[in-house]
Each structure stands twice: as structure tokens, then as C-alpha cells.
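A.B. asks: Input: one structure, supplied below.
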Amino acid sequence: MLNNPYYGQETHGPYELIDLGKFDFEEGGSLANCQLAVATHGKLNAAKDNAILFPTWYSGTNKLLEQVYTGKGRALDPGKYFIIIVNQIGNGLSSSPHNTDLPGGMPSFPKVRIGDDVRAQHKLVTEKFGLQSLALVVGGALSRYGQARRANCRHGEEHRARFFVHRNLG
């Protein structure tokens, strides 16, 4: 395991590391303690119907999403919504090759597919936050667009709305 100060609370915080326990990956391999770096904003209401899931893309972090999209009067207003920003597995904040002990870390780190992120996030929102549905799933950049669409295919009945942000690269 390597300590890289760039991937820490000072640069990208605040966030909480949430341990999902043993996590098996689609292409094989597993992590004994898969951790997701999660930042939340706002309050979950009593009806639990104001939660928004916003996953990062591969090189993105919660800090960037907070600075651009989250805040009073912005698209994701924490005065109205409970916003859950989840850092992608392997992005440096969540479980990643450099911050995972061997035997699962460094060159042995499992290959991560979008489906792995979707399953990890589903486990997070259902088990950690006790949610049965989400008001909105937001995806930005091509990989997050695919992730939000994959989540909709696997768990669409649990999402009341979907908003996919995609920029044409062609």
C-alpha cells in the first residue's frame, strides 16, 4: 500500500470511507474490505424520497462535483435534496490499487467494470442509507452516463427519475 497525499481529505475532502465488506468483481477477484469514498450534502427527509445519487467518473472526485453542481441555487441544492456523491472504485479515494493492502492491491487489484460500481452503489444506498428508491440518478461523462444507464437497467424500478449528462465527443 502506498500513501499518496494527493488522494486525501486535504485535497478532496470532506468524505467518509464506507466499508462494504467483501466485494466480488464481475471479471473475477475480490476485495475483503471494499471501501467507497462518499460525500453527502443536505438532509434525508422522513419519507426518504429526496435522495439523489451522483457517481463520479474515473478521474473525477466528489470535490469537483461539489464545486460545480452542488450548492444553494445550483442544480443539486442541498436545501432540497439529500445528495450522495460516490467516488468510483479505483479513482484514488475509494478502494484503489495504491491504497489497498496486498494481496488485493497494486498489480493484483481487480479489473473494475461499470457493473461493479453499480452493484457497490446499490449496496451503499440500500444498506448504509436504508433507501428503497432514489429521486434521481445523475451521470456525467461517458463512463458515468453508462453507469447511470446500467443502474437504470438493473434497478430502474427504484429510480423515480433519471438524468443523463452526456457530451458528444465526435
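Going by the C-alpha cells order, chains are called A, B, ..., each with residues numbered from 1, while ligands are numbered from 1 in the order shown.
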Identify, on the basis of only C-alpha atoms, every residue whose closest approach to Ile89 (chain A) does not exceed 10 Å; exclude the query and any residue fewer than 4 positions from it along the same chain; express the result as a ChimeraX atom specification.

C.D. replies: /A:34-37,56-58,93-97,111-114,116-117,120-121

A.B. asks: Could you take the residues named above and write them with N, CA, C and O atoms, as a tab-separated table (two decimals), in the first residue's frame?

C.D. replies:
```
chain	number	residue	atom	x	y	z
A	34	CYS	N	-13.92	-3.67	0.62
A	34	CYS	CA	-14.09	-2.66	-0.43
A	34	CYS	C	-14.65	-1.39	0.21
A	34	CYS	O	-15.68	-1.42	0.88
A	35	GLN	N	-13.95	-0.27	-0.01
A	35	GLN	CA	-14.38	0.98	0.59
A	35	GLN	C	-14.77	1.98	-0.49
A	35	GLN	O	-14.07	2.13	-1.49
A	36	LEU	N	-15.88	2.66	-0.24
A	36	LEU	CA	-16.31	3.74	-1.11
A	36	LEU	C	-16.12	5.07	-0.38
A	36	LEU	O	-16.52	5.19	0.78
A	37	ALA	N	-15.51	6.02	-1.07
A	37	ALA	CA	-15.39	7.37	-0.53
A	37	ALA	C	-16.68	8.11	-0.91
A	37	ALA	O	-17.01	8.22	-2.09
A	56	THR	N	-19.10	9.67	-9.42
A	56	THR	CA	-18.04	10.36	-10.16
A	56	THR	C	-17.64	9.53	-11.37
A	56	THR	O	-18.03	8.39	-11.52
A	57	TRP	N	-16.82	10.11	-12.20
A	57	TRP	CA	-16.22	9.39	-13.32
A	57	TRP	C	-14.81	8.99	-12.89
A	57	TRP	O	-14.37	9.30	-11.80
A	58	TYR	N	-14.10	8.29	-13.76
A	58	TYR	CA	-12.84	7.66	-13.37
A	58	TYR	C	-11.85	8.64	-12.73
A	58	TYR	O	-11.33	8.38	-11.66
A	93	LEU	N	-9.63	7.61	-4.26
A	93	LEU	CA	-10.23	7.87	-2.95
A	93	LEU	C	-10.94	6.62	-2.43
A	93	LEU	O	-10.72	6.21	-1.30
A	94	SER	N	-11.79	6.03	-3.26
A	94	SER	CA	-12.38	4.74	-2.92
A	94	SER	C	-11.29	3.69	-3.06
A	94	SER	O	-10.17	4.00	-3.46
A	95	SER	N	-11.59	2.43	-2.73
A	95	SER	CA	-10.59	1.39	-2.88
A	95	SER	C	-9.95	1.47	-4.26
A	95	SER	O	-10.65	1.54	-5.27
A	96	SER	N	-8.62	1.48	-4.27
A	96	SER	CA	-7.83	1.66	-5.49
A	96	SER	C	-6.56	0.84	-5.38
A	96	SER	O	-6.19	0.43	-4.27
A	97	PRO	N	-5.87	0.61	-6.48
A	97	PRO	CA	-4.65	-0.20	-6.40
A	97	PRO	C	-3.65	0.30	-5.38
A	97	PRO	O	-3.05	-0.50	-4.65
A	111	LYS	N	-9.95	-5.98	-11.93
A	111	LYS	CA	-10.45	-5.13	-13.00
A	111	LYS	C	-11.85	-4.68	-12.61
A	111	LYS	O	-12.67	-5.49	-12.19
A	112	VAL	N	-12.10	-3.39	-12.76
A	112	VAL	CA	-13.38	-2.82	-12.33
A	112	VAL	C	-14.22	-2.50	-13.57
A	112	VAL	O	-13.76	-1.80	-14.48
A	113	ARG	N	-15.43	-3.01	-13.58
A	113	ARG	CA	-16.38	-2.73	-14.66
A	113	ARG	C	-17.46	-1.78	-14.13
A	113	ARG	O	-17.66	-1.67	-12.92
A	114	ILE	N	-18.16	-1.16	-15.03
A	114	ILE	CA	-19.24	-0.26	-14.63
A	114	ILE	C	-20.25	-1.01	-13.77
A	114	ILE	O	-20.77	-0.48	-12.79
A	116	ASP	N	-19.71	-3.27	-11.65
A	116	ASP	CA	-19.20	-3.35	-10.28
A	116	ASP	C	-19.54	-2.09	-9.50
A	116	ASP	O	-19.99	-2.15	-8.35
A	117	ASP	N	-19.34	-0.94	-10.14
A	117	ASP	CA	-19.69	0.32	-9.49
A	117	ASP	C	-21.18	0.38	-9.17
A	117	ASP	O	-21.58	0.79	-8.08
A	120	ALA	N	-21.95	-1.87	-6.20
A	120	ALA	CA	-21.42	-1.29	-4.96
A	120	ALA	C	-22.28	-0.12	-4.51
A	120	ALA	O	-22.60	0.02	-3.32
A	121	GLN	N	-22.69	0.73	-5.44
A	121	GLN	CA	-23.53	1.87	-5.08
A	121	GLN	C	-24.92	1.43	-4.64
A	121	GLN	O	-25.49	2.02	-3.72
```

A.B. asks: Check the DSSP output for the backbone and give back, as a ChimeraX atom specification, the residues of region 5-63 of chain A in strand (DSSP E).

C.D. replies: /A:16-19,23-24,30-31,35-41,51-55

A.B. asks: Those residues you just picked out, can you put them in a file as a short mmCIF file (atom, residue, chain, number, x, y, z; two decimals), in the first residue's frame with all heavy atoms?

C.D. replies:
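Printed below is out08.cif as written:
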```
data_model
loop_
_atom_site.label_atom_id
_atom_site.label_comp_id
_atom_site.auth_asym_id
_atom_site.auth_seq_id
_atom_site.Cartn_x
_atom_site.Cartn_y
_atom_site.Cartn_z
N GLU A 16 -16.38 10.47 3.56
CA GLU A 16 -16.35 9.37 4.52
C GLU A 16 -16.02 8.10 3.77
O GLU A 16 -16.53 7.86 2.67
CB GLU A 16 -17.72 9.24 5.19
CG GLU A 16 -17.86 8.09 6.14
CD GLU A 16 -19.27 7.94 6.70
OE1 GLU A 16 -20.16 8.74 6.35
OE2 GLU A 16 -19.48 7.01 7.48
N LEU A 17 -15.15 7.27 4.33
CA LEU A 17 -14.88 5.96 3.75
C LEU A 17 -15.86 4.96 4.35
O LEU A 17 -15.89 4.76 5.56
CB LEU A 17 -13.44 5.52 4.03
CG LEU A 17 -12.37 6.21 3.21
CD1 LEU A 17 -10.99 5.79 3.68
CD2 LEU A 17 -12.55 5.93 1.73
N ILE A 18 -16.67 4.37 3.49
CA ILE A 18 -17.69 3.42 3.94
C ILE A 18 -17.29 2.03 3.45
O ILE A 18 -17.10 1.80 2.25
CB ILE A 18 -19.08 3.81 3.41
CG1 ILE A 18 -19.45 5.19 3.98
CG2 ILE A 18 -20.11 2.75 3.77
CD1 ILE A 18 -20.72 5.77 3.46
N ASP A 19 -17.15 1.12 4.40
CA ASP A 19 -16.70 -0.24 4.12
C ASP A 19 -17.88 -1.10 3.72
O ASP A 19 -18.83 -1.27 4.48
CB ASP A 19 -16.01 -0.82 5.36
CG ASP A 19 -15.27 -2.11 5.08
OD1 ASP A 19 -15.60 -2.79 4.09
OD2 ASP A 19 -14.36 -2.44 5.85
N PHE A 23 -16.26 -7.81 -1.37
CA PHE A 23 -16.91 -7.43 -2.62
C PHE A 23 -16.28 -8.21 -3.76
O PHE A 23 -15.07 -8.16 -3.97
CB PHE A 23 -16.78 -5.92 -2.87
CG PHE A 23 -17.61 -5.41 -4.00
CD1 PHE A 23 -18.95 -5.13 -3.81
CD2 PHE A 23 -17.05 -5.22 -5.26
CE1 PHE A 23 -19.73 -4.68 -4.87
CE2 PHE A 23 -17.82 -4.77 -6.31
CZ PHE A 23 -19.16 -4.49 -6.12
N ASP A 24 -17.11 -8.95 -4.51
CA ASP A 24 -16.65 -9.75 -5.64
C ASP A 24 -16.86 -8.96 -6.93
O ASP A 24 -17.93 -8.36 -7.13
CB ASP A 24 -17.41 -11.07 -5.72
CG ASP A 24 -17.15 -11.95 -4.51
OD1 ASP A 24 -15.98 -12.03 -4.09
OD2 ASP A 24 -18.11 -12.55 -3.99
N SER A 30 -11.63 -10.27 -5.79
CA SER A 30 -12.48 -9.66 -4.77
C SER A 30 -11.61 -8.84 -3.84
O SER A 30 -10.38 -8.98 -3.82
CB SER A 30 -13.24 -10.73 -3.98
OG SER A 30 -12.34 -11.52 -3.24
N LEU A 31 -12.25 -7.97 -3.09
CA LEU A 31 -11.59 -7.22 -2.03
C LEU A 31 -12.27 -7.58 -0.72
O LEU A 31 -13.50 -7.61 -0.64
CB LEU A 31 -11.70 -5.71 -2.26
CG LEU A 31 -10.98 -5.15 -3.49
CD1 LEU A 31 -11.23 -3.65 -3.61
CD2 LEU A 31 -9.49 -5.43 -3.42
N GLN A 35 -13.95 -0.27 -0.01
CA GLN A 35 -14.38 0.98 0.59
C GLN A 35 -14.77 1.98 -0.49
O GLN A 35 -14.07 2.13 -1.49
CB GLN A 35 -13.27 1.57 1.45
CG GLN A 35 -12.94 0.70 2.63
CD GLN A 35 -12.00 1.38 3.61
OE1 GLN A 35 -11.51 2.48 3.38
NE2 GLN A 35 -11.77 0.73 4.73
N LEU A 36 -15.88 2.66 -0.24
CA LEU A 36 -16.31 3.74 -1.11
C LEU A 36 -16.12 5.07 -0.38
O LEU A 36 -16.52 5.19 0.78
CB LEU A 36 -17.79 3.59 -1.48
CG LEU A 36 -18.17 2.40 -2.35
CD1 LEU A 36 -19.67 2.41 -2.62
CD2 LEU A 36 -17.38 2.39 -3.65
N ALA A 37 -15.51 6.02 -1.07
CA ALA A 37 -15.39 7.37 -0.53
C ALA A 37 -16.68 8.11 -0.91
O ALA A 37 -17.01 8.22 -2.09
CB ALA A 37 -14.17 8.08 -1.10
N VAL A 38 -17.40 8.58 0.10
CA VAL A 38 -18.73 9.14 -0.11
C VAL A 38 -18.84 10.50 0.56
O VAL A 38 -18.46 10.66 1.72
CB VAL A 38 -19.81 8.20 0.48
CG1 VAL A 38 -21.20 8.77 0.30
CG2 VAL A 38 -19.71 6.81 -0.14
N ALA A 39 -19.36 11.47 -0.18
CA ALA A 39 -19.66 12.78 0.39
C ALA A 39 -21.17 12.98 0.30
O ALA A 39 -21.77 12.70 -0.74
CB ALA A 39 -18.93 13.88 -0.37
N THR A 40 -21.77 13.43 1.38
CA THR A 40 -23.21 13.70 1.36
C THR A 40 -23.45 15.17 1.67
O THR A 40 -22.67 15.81 2.38
CB THR A 40 -23.97 12.83 2.37
OG1 THR A 40 -23.48 13.09 3.68
CG2 THR A 40 -23.82 11.35 2.04
N HIS A 41 -24.54 15.67 1.11
CA HIS A 41 -24.93 17.07 1.31
C HIS A 41 -26.44 17.11 1.51
O HIS A 41 -27.18 16.40 0.83
CB HIS A 41 -24.54 17.91 0.10
CG HIS A 41 -23.08 17.83 -0.22
ND1 HIS A 41 -22.14 18.59 0.42
CD2 HIS A 41 -22.40 17.02 -1.06
CE1 HIS A 41 -20.95 18.28 -0.04
NE2 HIS A 41 -21.08 17.32 -0.95
N ALA A 51 -33.54 11.66 -2.06
CA ALA A 51 -32.14 11.28 -2.25
C ALA A 51 -31.76 11.28 -3.73
O ALA A 51 -32.49 10.76 -4.58
CB ALA A 51 -31.88 9.91 -1.64
N ILE A 52 -30.60 11.85 -4.01
CA ILE A 52 -30.03 11.88 -5.35
C ILE A 52 -28.68 11.20 -5.30
O ILE A 52 -27.85 11.51 -4.44
CB ILE A 52 -29.87 13.34 -5.85
CG1 ILE A 52 -31.24 13.99 -6.02
CG2 ILE A 52 -29.07 13.37 -7.15
CD1 ILE A 52 -31.18 15.46 -6.40
N LEU A 53 -28.43 10.29 -6.22
CA LEU A 53 -27.15 9.62 -6.34
C LEU A 53 -26.38 10.23 -7.50
O LEU A 53 -26.90 10.30 -8.62
CB LEU A 53 -27.34 8.12 -6.57
CG LEU A 53 -26.06 7.30 -6.77
CD1 LEU A 53 -25.23 7.30 -5.50
CD2 LEU A 53 -26.40 5.88 -7.19
N PHE A 54 -25.15 10.67 -7.23
CA PHE A 54 -24.31 11.29 -8.25
C PHE A 54 -22.93 10.63 -8.19
O PHE A 54 -22.08 11.01 -7.40
CB PHE A 54 -24.20 12.79 -8.01
CG PHE A 54 -23.71 13.60 -9.18
CD1 PHE A 54 -23.67 14.97 -9.09
CD2 PHE A 54 -23.29 13.02 -10.36
CE1 PHE A 54 -23.23 15.75 -10.14
CE2 PHE A 54 -22.85 13.79 -11.44
CZ PHE A 54 -22.82 15.17 -11.33
N PRO A 55 -22.68 9.60 -9.01
CA PRO A 55 -21.37 8.96 -9.03
C PRO A 55 -20.36 9.78 -9.82
O PRO A 55 -20.72 10.48 -10.76
CB PRO A 55 -21.65 7.62 -9.72
CG PRO A 55 -22.87 7.84 -10.53
CD PRO A 55 -23.66 8.93 -9.86
#
```

A.B. asks: Go ahead and compute the interatomic distance for CA of Asn62 (chain A) and CA of Gly13 (chain A), in Å to one decimal.

C.D. replies: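 Computing the Euclidean distance for CA of Asn62 (chain A) and CA of Gly13 (chain A) yields 7.9 Å.
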
A.B. asks: Within 12 Å of Lys80 (chain A), counting only C-alpha atoms, which residues show up once you throw out same-chain ones fewer than 6 positions away? Write them as a list in words, please.

C.D. replies: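 The contact residues come out as His41, Gly42, Lys43, Leu44, Asn45, Asp49, Asn50, Ala51, Ile52, Thr70, Gly71, Lys72, Gly73, Arg74 and Ala135 of chain A.
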
A.B. asks: Quick one, how far is CA of Asp101 (chain A) from CA of Met1 (chain A)?

C.D. replies: 5.1 Å

A.B. asks: Just want the 12 Å neighbourhood of Pro5 (chain A), counted on only C-alpha atoms, with same-chain residues fewer than 6 positions away dropped. Output as a ChimeraX atom specification.

C.D. replies: /A:11-13,92-93,98-99

A.B. asks: What's the separation between CA of Pro110 (chain A) and CA of Gln88 (chain A), in Å to one decimal place?

C.D. replies: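 CA of Gln88 (chain A) lies 13.6 Å from CA of Pro110 (chain A).
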
A.B. asks: Please report, as a list in words, each residue of region 65-129 of chain A to which DSSP assigns alpha helix (DSSP H) when run on this structure's backbone.

C.D. replies: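 Assigned to alpha helix (DSSP H), within region 65-129 of chain A: Leu65, Glu66, Gln67, Val68, Tyr69, Ile114, Gly115, Asp116, Asp117, Val118, Arg119, Ala120, Gln121, His122 and Lys123 of chain A.
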
A.B. asks: Which residue out of A:Gly79, A:Gly139, A:Pro14, A:Gly90 has the minimum interatomic distance to Phe109 (chain A) when only C-alpha atoms are used?

C.D. replies: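 Of all the options, A:Gly90 lies closest to Phe109 (chain A).
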